[in-house]
$ cat target.tsv   # TSV, N, CA and C atoms
chain	number	residue	atom	x	y	z
A	1	MET	N	86.10	83.23	162.75
A	1	MET	CA	85.08	82.67	161.89
A	1	MET	C	83.73	82.89	162.58
A	2	LEU	N	82.83	83.44	161.84
A	2	LEU	CA	81.47	83.63	162.33
A	2	LEU	C	80.56	82.66	161.61
A	3	GLN	N	79.66	82.06	162.35
A	3	GLN	CA	78.71	81.13	161.74
A	3	GLN	C	77.30	81.58	162.08
A	4	PHE	N	76.49	81.66	161.04
A	4	PHE	CA	75.09	82.05	161.17
A	4	PHE	C	74.24	80.98	160.52
A	5	ARG	N	72.96	80.97	160.87
A	5	ARG	CA	72.02	80.12	160.14
A	5	ARG	C	70.73	80.89	159.96
A	6	SER	N	70.04	80.51	158.91
A	6	SER	CA	68.77	81.18	158.62
A	6	SER	C	67.68	80.67	159.57
A	7	VAL	N	66.73	81.52	159.85
A	7	VAL	CA	65.56	81.10	160.61
A	7	VAL	C	64.62	80.33	159.67
A	8	ALA	N	64.48	80.84	158.45
A	8	ALA	CA	63.65	80.17	157.45
A	8	ALA	C	64.34	78.87	157.02
A	9	LEU	N	63.54	77.94	156.58
A	9	LEU	CA	64.08	76.64	156.16
A	9	LEU	C	64.09	76.53	154.64
A	10	ALA	N	65.08	75.82	154.15
A	10	ALA	CA	65.13	75.43	152.74
A	10	ALA	C	64.79	73.94	152.75
A	11	GLY	N	63.57	73.61	152.42
A	11	GLY	CA	63.11	72.24	152.62
A	11	GLY	C	62.91	72.04	154.11
A	12	ASP	N	63.63	71.10	154.69
A	12	ASP	CA	63.52	70.83	156.12
A	12	ASP	C	64.66	71.41	156.94
A	13	TYR	N	65.58	72.16	156.30
A	13	TYR	CA	66.80	72.57	156.98
A	13	TYR	C	67.07	74.06	156.86
A	14	PRO	N	67.68	74.66	157.89
A	14	PRO	CA	68.12	76.05	157.76
A	14	PRO	C	69.34	76.12	156.84
A	15	VAL	N	69.60	77.30	156.33
A	15	VAL	CA	70.78	77.53	155.50
A	15	VAL	C	71.89	78.07	156.40
A	16	SER	N	73.07	77.47	156.33
A	16	SER	CA	74.20	77.89	157.17
A	16	SER	C	75.13	78.81	156.39
A	17	PHE	N	75.70	79.78	157.11
A	17	PHE	CA	76.65	80.74	156.53
A	17	PHE	C	77.90	80.75	157.40
A	18	GLN	N	79.06	80.77	156.76
A	18	GLN	CA	80.33	80.95	157.47
A	18	GLN	C	81.00	82.19	156.90
A	19	VAL	N	81.38	83.08	157.78
A	19	VAL	CA	82.00	84.34	157.37
A	19	VAL	C	83.40	84.39	157.96
A	20	ALA	N	84.40	84.52	157.10
A	20	ALA	CA	85.79	84.67	157.54
A	20	ALA	C	86.16	86.14	157.43
A	21	VAL	N	86.87	86.62	158.42
A	21	VAL	CA	87.31	88.01	158.45
A	21	VAL	C	88.81	88.04	158.22
A	22	SER	N	89.25	88.91	157.32
A	22	SER	CA	90.69	89.01	157.09
A	22	SER	C	91.08	90.44	156.76
A	23	THR	N	92.27	90.80	157.13
A	23	THR	CA	92.86	92.09	156.82
A	23	THR	C	94.37	91.96	156.98
A	24	GLU	N	95.10	92.93	156.53
A	24	GLU	CA	96.56	92.89	156.64
A	24	GLU	C	97.03	93.05	158.08
A	25	ASN	N	96.21	93.65	158.94
A	25	ASN	CA	96.63	93.91	160.32
A	25	ASN	C	95.50	93.54	161.27
A	26	MET	N	95.37	92.25	161.55
A	26	MET	CA	94.29	91.77	162.42
A	26	MET	C	94.42	92.28	163.86
A	27	SER	N	95.61	92.75	164.25
A	27	SER	CA	95.80	93.22	165.62
A	27	SER	C	95.36	94.68	165.79
A	28	ASP	N	94.98	95.35	164.71
A	28	ASP	CA	94.50	96.73	164.81
A	28	ASP	C	93.22	96.73	165.65
A	29	PRO	N	93.15	97.58	166.67
A	29	PRO	CA	91.95	97.61	167.52
A	29	PRO	C	90.65	97.90	166.75
A	30	ALA	N	90.73	98.55	165.60
A	30	ALA	CA	89.53	98.85	164.82
A	30	ALA	C	88.86	97.59	164.29
A	31	VAL	N	89.63	96.51	164.12
A	31	VAL	CA	89.06	95.27	163.57
A	31	VAL	C	87.96	94.74	164.49
A	32	THR	N	88.20	94.74	165.77
A	32	THR	CA	87.21	94.23	166.72
A	32	THR	C	85.90	95.00	166.61
A	33	GLY	N	85.97	96.31	166.52
A	33	GLY	CA	84.76	97.13	166.40
A	33	GLY	C	84.02	96.88	165.10
A	34	LEU	N	84.76	96.72	164.01
A	34	LEU	CA	84.11	96.45	162.72
A	34	LEU	C	83.43	95.09	162.71
A	35	VAL	N	84.09	94.09	163.26
A	35	VAL	CA	83.47	92.76	163.33
A	35	VAL	C	82.23	92.81	164.21
A	36	GLN	N	82.32	93.50	165.35
A	36	GLN	CA	81.16	93.60	166.23
A	36	GLN	C	80.01	94.31	165.54
A	37	SER	N	80.30	95.35	164.76
A	37	SER	CA	79.25	96.05	164.02
A	37	SER	C	78.54	95.12	163.05
A	38	PHE	N	79.31	94.28	162.36
A	38	PHE	CA	78.72	93.32	161.43
A	38	PHE	C	77.84	92.32	162.18
A	39	VAL	N	78.35	91.80	163.29
A	39	VAL	CA	77.57	90.84	164.09
A	39	VAL	C	76.28	91.49	164.58
A	40	ASP	N	76.35	92.74	165.02
A	40	ASP	CA	75.17	93.44	165.50
A	40	ASP	C	74.11	93.60	164.41
A	41	VAL	N	74.56	93.91	163.18
A	41	VAL	CA	73.62	94.07	162.07
A	41	VAL	C	72.90	92.75	161.78
A	42	VAL	N	73.67	91.67	161.69
A	42	VAL	CA	73.06	90.37	161.39
A	42	VAL	C	72.18	89.92	162.56
A	43	HIS	N	72.66	90.14	163.78
A	43	HIS	CA	71.90	89.73	164.97
A	43	HIS	C	70.57	90.49	165.06
A	44	ALA	N	70.53	91.73	164.61
A	44	ALA	CA	69.30	92.53	164.66
A	44	ALA	C	68.25	92.02	163.68
A	45	SER	N	68.67	91.25	162.69
A	45	SER	CA	67.74	90.72	161.71
A	45	SER	C	66.95	89.56	162.31
A	46	PRO	N	65.65	89.53	162.09
A	46	PRO	CA	64.87	88.38	162.58
A	46	PRO	C	65.08	87.14	161.70
A	47	ASP	N	65.84	87.27	160.63
A	47	ASP	CA	65.99	86.18	159.67
A	47	ASP	C	67.20	85.28	159.93
A	48	PHE	N	68.12	85.71	160.81
A	48	PHE	CA	69.36	84.94	161.02
A	48	PHE	C	69.69	84.82	162.49
A	49	LEU	N	70.35	83.72	162.84
A	49	LEU	CA	70.82	83.48	164.20
A	49	LEU	C	72.33	83.26	164.18
A	50	LEU	N	73.05	83.94	165.07
A	50	LEU	CA	74.47	83.69	165.23
A	50	LEU	C	74.62	82.39	166.00
A	51	THR	N	75.31	81.42	165.42
A	51	THR	CA	75.47	80.13	166.10
A	51	THR	C	76.83	79.99	166.76
A	52	SER	N	77.85	80.68	166.25
A	52	SER	CA	79.16	80.68	166.92
A	52	SER	C	80.05	81.75	166.34
A	53	GLY	N	81.01	82.14	167.13
A	53	GLY	CA	82.00	83.11	166.69
A	53	GLY	C	83.32	82.81	167.37
A	54	THR	N	84.37	82.73	166.60
A	54	THR	CA	85.70	82.48	167.17
A	54	THR	C	86.70	83.42	166.51
A	55	ARG	N	87.78	83.68	167.22
A	55	ARG	CA	88.84	84.53	166.67
A	55	ARG	C	90.17	83.81	166.84
A	56	SER	N	90.89	83.73	165.74
A	56	SER	CA	92.24	83.19	165.80
A	56	SER	C	93.08	83.93	164.78
A	57	THR	N	94.36	84.02	165.03
A	57	THR	CA	95.26	84.68	164.10
A	57	THR	C	96.45	83.78	163.85
A	58	SER	N	97.08	83.98	162.72
A	58	SER	CA	98.29	83.23	162.41
A	58	SER	C	99.24	84.12	161.64
A	59	TYR	N	100.50	83.73	161.63
A	59	TYR	CA	101.52	84.48	160.94
A	59	TYR	C	102.26	83.51	160.03
A	60	THR	N	102.42	83.89	158.78
A	60	THR	CA	103.10	83.05	157.82
A	60	THR	C	104.27	83.81	157.20
A	61	GLU	N	105.39	83.15	157.11
A	61	GLU	CA	106.57	83.77	156.51
A	61	GLU	C	107.30	82.72	155.68
A	62	THR	N	107.70	83.09	154.49
A	62	THR	CA	108.46	82.18	153.64
A	62	THR	C	109.90	82.11	154.14
A	63	ILE	N	110.41	80.92	154.28
A	63	ILE	CA	111.77	80.71	154.75
A	63	ILE	C	112.55	80.03	153.61
A	64	THR	N	113.72	80.58	153.33
A	64	THR	CA	114.58	79.98	152.31
A	64	THR	C	115.91	79.61	152.93
A	65	ALA	N	116.53	78.59	152.39
A	65	ALA	CA	117.83	78.13	152.87
A	65	ALA	C	118.92	79.11	152.42
A	66	GLY	N	119.87	79.39	153.30
A	66	GLY	CA	120.99	80.26	152.95
A	66	GLY	C	121.99	79.54	152.06
A	67	ALA	N	122.73	80.30	151.30
A	67	ALA	CA	123.73	79.71	150.38
A	67	ALA	C	125.03	79.44	151.10
$ encode --input "target.tsv" --output "structure tokens"
Amino acid sequence: MLQFRSVALAGDYPVSFQVAVSTENMSDPAVTGLVQSFVDVVHASPDFLLTSGTRSTSYTETITAGA
């Protein structure tokens, strides 16, 4: 999850953004490079600040009872 906030204010407060990254294969090494490219683009903007970034993965599988 990436969290950014605007430098400009809406009233008295910055605007917050949360960006979730997802793909079918989060362990593919290309994912890290793509996420970093996105962070670099937003970070280069004078209009936004990266406030946090975390990475977590999970695996979900449907389980059914045997007959």
$ axis_aligned_box --input "target.tsv" --around "range 39-47 of chain A" --padding-each-side "6 Å" --output "lines of an AutoDock Vina configuration file"
center_x = 71.6
center_y = 89.7
center_z = 162.6
size_x = 25.5
size_y = 20.8
size_z = 17.8
$ residues_around --input "target.tsv" --residues "Ser27 in chain A" --least-positions-apart "6" --cutoff "12 Å" --atoms "only C-alpha atoms" --output "PyMOL selection string"
chain A and resi 33+55-59
$ closest_residue --input "target.tsv" --among "A:Val7, A:Val21, A:Leu2, A:Ala65" --to "Asp47 in chain A" --atoms "only C-alpha atoms"
A:Val7
$ select_by_dssp --input "target.tsv" --residues "chain A" --states "strand (DSSP E or B)" --output "list in words"
Leu2, Gln3, Phe4, Arg5, Ser6, Val7, Ala8, Leu9, Ala10, Tyr13, Pro14, Val15, Ser16, Phe17, Gln18, Val19, Phe48, Leu49, Leu50, Thr51, Ser52 and Gly53 of chain A
$ closest_residue --input "target.tsv" --among "A:Met1, A:Val35, A:Ile63, A:Leu50" --to "Val19 in chain A" --atoms "all atoms listed in the file"
A:Met1
$ atom_distance --input "target.tsv" --atom1 "CA of Glu24 in chain A" --atom2 "CA of Thr62 in chain A"
16.3 Å
$ select_by_dssp --input "target.tsv" --residues "range 2-65 of chain A" --states "alpha helix (DSSP H)" --output "list in words"
Pro29, Ala30, Val31, Thr32, Gly33, Leu34, Val35, Gln36, Ser37, Phe38, Val39, Asp40, Val41, Val42, His43 and Ala44 of chain A
$ atom_distance --input "target.tsv" --atom1 "atom N of Ser16 in chain A" --atom2 "atom C of Phe4 in chain A"
5.6 Å
$ atom_distance --input "target.tsv" --atom1 "CA of Thr51 in chain A" --atom2 "CA of Asp28 in chain A"
25.3 Å
$ closest_residue --input "target.tsv" --among "A:Ser45, A:Thr23, A:Thr54, A:Thr60" --to "Gln3 in chain A" --atoms "all atoms listed in the file"
A:Thr54
$ closest_residue --input "target.tsv" --among "A:Gly53, A:Val41, A:Leu34, A:Pro46" --to "Gln18 in chain A" --atoms "only C-alpha atoms"
A:Gly53
$ build_atoms --input "target.tsv" --residues "range 20-42 of chain A" --atoms "N, CA, C and O atoms" --output "tab-separated table (two decimals), in the frame of the given file"
chain	number	residue	atom	x	y	z
A	20	ALA	N	84.40	84.52	157.10
A	20	ALA	CA	85.79	84.67	157.54
A	20	ALA	C	86.16	86.14	157.43
A	20	ALA	O	85.81	86.82	156.47
A	21	VAL	N	86.87	86.62	158.42
A	21	VAL	CA	87.31	88.01	158.45
A	21	VAL	C	88.81	88.04	158.22
A	21	VAL	O	89.55	87.28	158.84
A	22	SER	N	89.25	88.91	157.32
A	22	SER	CA	90.69	89.01	157.09
A	22	SER	C	91.08	90.44	156.76
A	22	SER	O	90.28	91.20	156.22
A	23	THR	N	92.27	90.80	157.13
A	23	THR	CA	92.86	92.09	156.82
A	23	THR	C	94.37	91.96	156.98
A	23	THR	O	94.85	90.96	157.53
A	24	GLU	N	95.10	92.93	156.53
A	24	GLU	CA	96.56	92.89	156.64
A	24	GLU	C	97.03	93.05	158.08
A	24	GLU	O	98.13	92.67	158.43
A	25	ASN	N	96.21	93.65	158.94
A	25	ASN	CA	96.63	93.91	160.32
A	25	ASN	C	95.50	93.54	161.27
A	25	ASN	O	94.76	94.39	161.75
A	26	MET	N	95.37	92.25	161.55
A	26	MET	CA	94.29	91.77	162.42
A	26	MET	C	94.42	92.28	163.86
A	26	MET	O	93.47	92.27	164.61
A	27	SER	N	95.61	92.75	164.25
A	27	SER	CA	95.80	93.22	165.62
A	27	SER	C	95.36	94.68	165.79
A	27	SER	O	95.35	95.20	166.91
A	28	ASP	N	94.98	95.35	164.71
A	28	ASP	CA	94.50	96.73	164.81
A	28	ASP	C	93.22	96.73	165.65
A	28	ASP	O	92.29	95.97	165.38
A	29	PRO	N	93.15	97.58	166.67
A	29	PRO	CA	91.95	97.61	167.52
A	29	PRO	C	90.65	97.90	166.75
A	29	PRO	O	89.58	97.51	167.20
A	30	ALA	N	90.73	98.55	165.60
A	30	ALA	CA	89.53	98.85	164.82
A	30	ALA	C	88.86	97.59	164.29
A	30	ALA	O	87.65	97.58	164.04
A	31	VAL	N	89.63	96.51	164.12
A	31	VAL	CA	89.06	95.27	163.57
A	31	VAL	C	87.96	94.74	164.49
A	31	VAL	O	86.88	94.37	164.03
A	32	THR	N	88.20	94.74	165.77
A	32	THR	CA	87.21	94.23	166.72
A	32	THR	C	85.90	95.00	166.61
A	32	THR	O	84.82	94.40	166.57
A	33	GLY	N	85.97	96.31	166.52
A	33	GLY	CA	84.76	97.13	166.40
A	33	GLY	C	84.02	96.88	165.10
A	33	GLY	O	82.78	96.84	165.09
A	34	LEU	N	84.76	96.72	164.01
A	34	LEU	CA	84.11	96.45	162.72
A	34	LEU	C	83.43	95.09	162.71
A	34	LEU	O	82.30	94.95	162.21
A	35	VAL	N	84.09	94.09	163.26
A	35	VAL	CA	83.47	92.76	163.33
A	35	VAL	C	82.23	92.81	164.21
A	35	VAL	O	81.19	92.26	163.86
A	36	GLN	N	82.32	93.50	165.35
A	36	GLN	CA	81.16	93.60	166.23
A	36	GLN	C	80.01	94.31	165.54
A	36	GLN	O	78.85	93.92	165.69
A	37	SER	N	80.30	95.35	164.76
A	37	SER	CA	79.25	96.05	164.02
A	37	SER	C	78.54	95.12	163.05
A	37	SER	O	77.32	95.14	162.94
A	38	PHE	N	79.31	94.28	162.36
A	38	PHE	CA	78.72	93.32	161.43
A	38	PHE	C	77.84	92.32	162.18
A	38	PHE	O	76.71	92.04	161.77
A	39	VAL	N	78.35	91.80	163.29
A	39	VAL	CA	77.57	90.84	164.09
A	39	VAL	C	76.28	91.49	164.58
A	39	VAL	O	75.21	90.88	164.53
A	40	ASP	N	76.35	92.74	165.02
A	40	ASP	CA	75.17	93.44	165.50
A	40	ASP	C	74.11	93.60	164.41
A	40	ASP	O	72.91	93.44	164.66
A	41	VAL	N	74.56	93.91	163.18
A	41	VAL	CA	73.62	94.07	162.07
A	41	VAL	C	72.90	92.75	161.78
A	41	VAL	O	71.67	92.71	161.64
A	42	VAL	N	73.67	91.67	161.69
A	42	VAL	CA	73.06	90.37	161.39
A	42	VAL	C	72.18	89.92	162.56
A	42	VAL	O	71.08	89.41	162.37
